[in-house]
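Scroll down for the structure; my scribbles are underneath it.
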Amino acid sequence: MKAAPRVQIIDYGLGNLFSIQQACHQVGMDPVVSSSPKDLAGANGIILPGVGAFGQAMDRLRELDFVEPLRETLRAGKPMLGICLGMQLLFDESEEFGTHAGLALLPGKIRRIPDQVEANRRLRVPNVGWNQVQLADGVQDREILQGVRNGSYMYFVHSFYADPTDPADWLLATEYGKIRYCCATQRDSILGVQFHPEKSGPLGLKLFDNWARTI
């Protein structure tokens with residue numbers, strides 16, 4: 001019998017760790033919450049969560065000496081899942097409260113959701129609630145999306161979104177008002193989702209299950 005994949009959930013003080021840990025347990029992973037980069041080597045996969053400000057998150061990763069070990073580990077091909085702010089940190093930089101350098105594992109920038117008026121009302125920023133997700137242009141069925149139907153609803157809480165430089169890095173897209181943006185990205189062993197799969201019910205769990213099968 002195959003052993004449960006061991007997953008390090010990186011604890012840098014800005015993540016919804018308990019819910020993610022419970023979701024991992026439910027789909028048969030062996031999650032370990034750790035704030036030590038030394039544990040990266042012993043993990044089959046890595047989850048980078050995050051709720052909060054981009055610059056503060058990068059400062060915390062630097063303080064814990066995660067940045068270079070994390071880059072080296074991911075460039076070596078170890079599977080990684082970034083969730084919400086964790087997805088945004090994968091990119092080159094963010095414009096949140098100034099300009100802040102990210103992990104630079106994917107080319108692109110994190111931008112603020114613009115102010116919009118729809119039906120004579122101003123759309124709320126942050127975007128909080130359930131949004132439909134669609135396959136990005138040119139994306140066919142992939143293993144990570146098995147059982148996640150085109151048009152499924154996922155739960156979002158965010159004020160900024162990823163703008164990948166390479167259209168090939170788009171996996172899923174969503175719309176908020178008149179803005180269509182990338183809400184899931186995938187390149188090689190790196191997967192990032194702007195929504196919270198741990199708060200998205202059975203379909204969110206299915207995404208965790210699909211990811212577990214790849215590590």
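Following the order of the structure tokens, chains are lettered A, B, ..., residues in each are numbered from 1, and ligands are numbered from 1.
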Alpha helix (DSSP H) residues, from DSSP on the backbone, in chain A, as a ChimeraX atom specification = /A:17-26,54-63,67-75,85-88,201-212
Contacts of range 95-205 of chain A with range 55-67 of chain A up to 9 Å, shortest pair per row, only C-alpha atoms, as CSV:
residue,atom,partner,partner_atom,distance
A:Glu96,CA,A:Gly55,CA,7.5
A:Phe97,CA,A:Gly55,CA,7.9
A:Gly98,CA,A:Gly55,CA,8.6
A:Thr99,CA,A:Gly55,CA,8.3
A:His100,CA,A:Gly55,CA,5.7
A:Ala101,CA,A:Met58,CA,7.9
A:Gly102,CA,A:Met58,CA,6.7
A:Leu103,CA,A:Val67,CA,6.9
Do you know which residues are at most 7 Å from range 138-148 of chain A counting only C-alpha atoms, after dropping those on the same chain fewer than 3 positions away, and could you put them as a ChimeraX atom specification?
-> /A:135,152,171,203,206-207,210-211
Requested write-out: N, CA, C and O atoms of the selected residues, as a compact mmCIF listing (two decimals), in the first residue's frame:
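part38.txt was written with the following content:
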# COMPACT_ATOMS: atom_id res chain seq x y z
N LEU A 135 -12.24 27.33 -17.77
CA LEU A 135 -10.96 26.97 -18.38
C LEU A 135 -10.41 28.18 -19.12
O LEU A 135 -11.15 28.86 -19.84
N SER A 152 -17.71 25.83 -12.55
CA SER A 152 -17.85 25.56 -11.11
C SER A 152 -17.65 26.85 -10.32
O SER A 152 -17.01 27.79 -10.77
N LEU A 171 -4.45 28.78 -16.11
CA LEU A 171 -5.15 27.50 -16.02
C LEU A 171 -6.66 27.74 -15.97
O LEU A 171 -7.42 27.16 -16.75
N LEU A 203 -15.97 20.50 -4.31
CA LEU A 203 -15.12 20.74 -5.47
C LEU A 203 -13.72 21.20 -5.06
O LEU A 203 -12.73 20.86 -5.70
N LYS A 206 -11.97 18.15 -4.05
CA LYS A 206 -11.59 17.38 -5.24
C LYS A 206 -10.28 17.91 -5.82
O LYS A 206 -9.43 17.15 -6.27
N LEU A 207 -10.10 19.23 -5.80
CA LEU A 207 -8.85 19.81 -6.28
C LEU A 207 -7.67 19.35 -5.42
O LEU A 207 -6.61 19.00 -5.94
N ASN A 210 -6.98 15.76 -6.38
CA ASN A 210 -6.27 15.67 -7.66
C ASN A 210 -4.79 16.01 -7.49
O ASN A 210 -3.91 15.35 -8.06
N TRP A 211 -4.53 17.05 -6.71
CA TRP A 211 -3.13 17.46 -6.49
C TRP A 211 -2.36 16.37 -5.76
O TRP A 211 -1.21 16.09 -6.08
Shell of 9 Å around range 89-91 of chain A, only C-alpha atoms, local chain residues under 2 positions omitted, as JSON, numbers by chain | {"A": [48, 50, 54, 57, 58, 82, 84, 85, 86, 87, 93, 94, 101, 102, 103, 104, 105, 106, 107, 108, 109, 110, 162, 163, 164, 190, 192]}
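You can rank A:Leu14, A:Ile46, A:His25, A:Trp130 by their closest distance to Met80 in chain A using only C-alpha atoms, and at the top of that list sits A:Ile46.
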For Lys2 in chain A, please output as a list in words all residues within 12 Å (counting only C-alpha atoms; exclusion window: fewer than 2 positions along the same chain).
->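 Everything that qualifies: Ala4, Pro5, Arg6, Gly28, Met29, Arg213 and Ile215 of chain A.
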DSSP strand (DSSP E) residues within range 59-93 of chain A, listed as JSON, numbers by chain = {"A": [80, 81, 82, 83, 91, 92, 93]}
Long-range neighbours of Phe160 in chain A as a list in words, 6 Å cut-off, only C-alpha atoms, 6 positions minimum in chain | Arg111, Arg112 and Ile113 of chain A
Quick one: pull the distance between CA of Ile9 in chain A and CA of Arg149 in chain A, Å, one decimal.
->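 One can read the CA of Ile9 in chain A to CA of Arg149 in chain A distance as 26.8 Å.
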Report the distance between CA of Gly45 in chain A and CA of Tyr161 in chain A in Å, rounded to one decimal place.
->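 The value is 24.3 Å.
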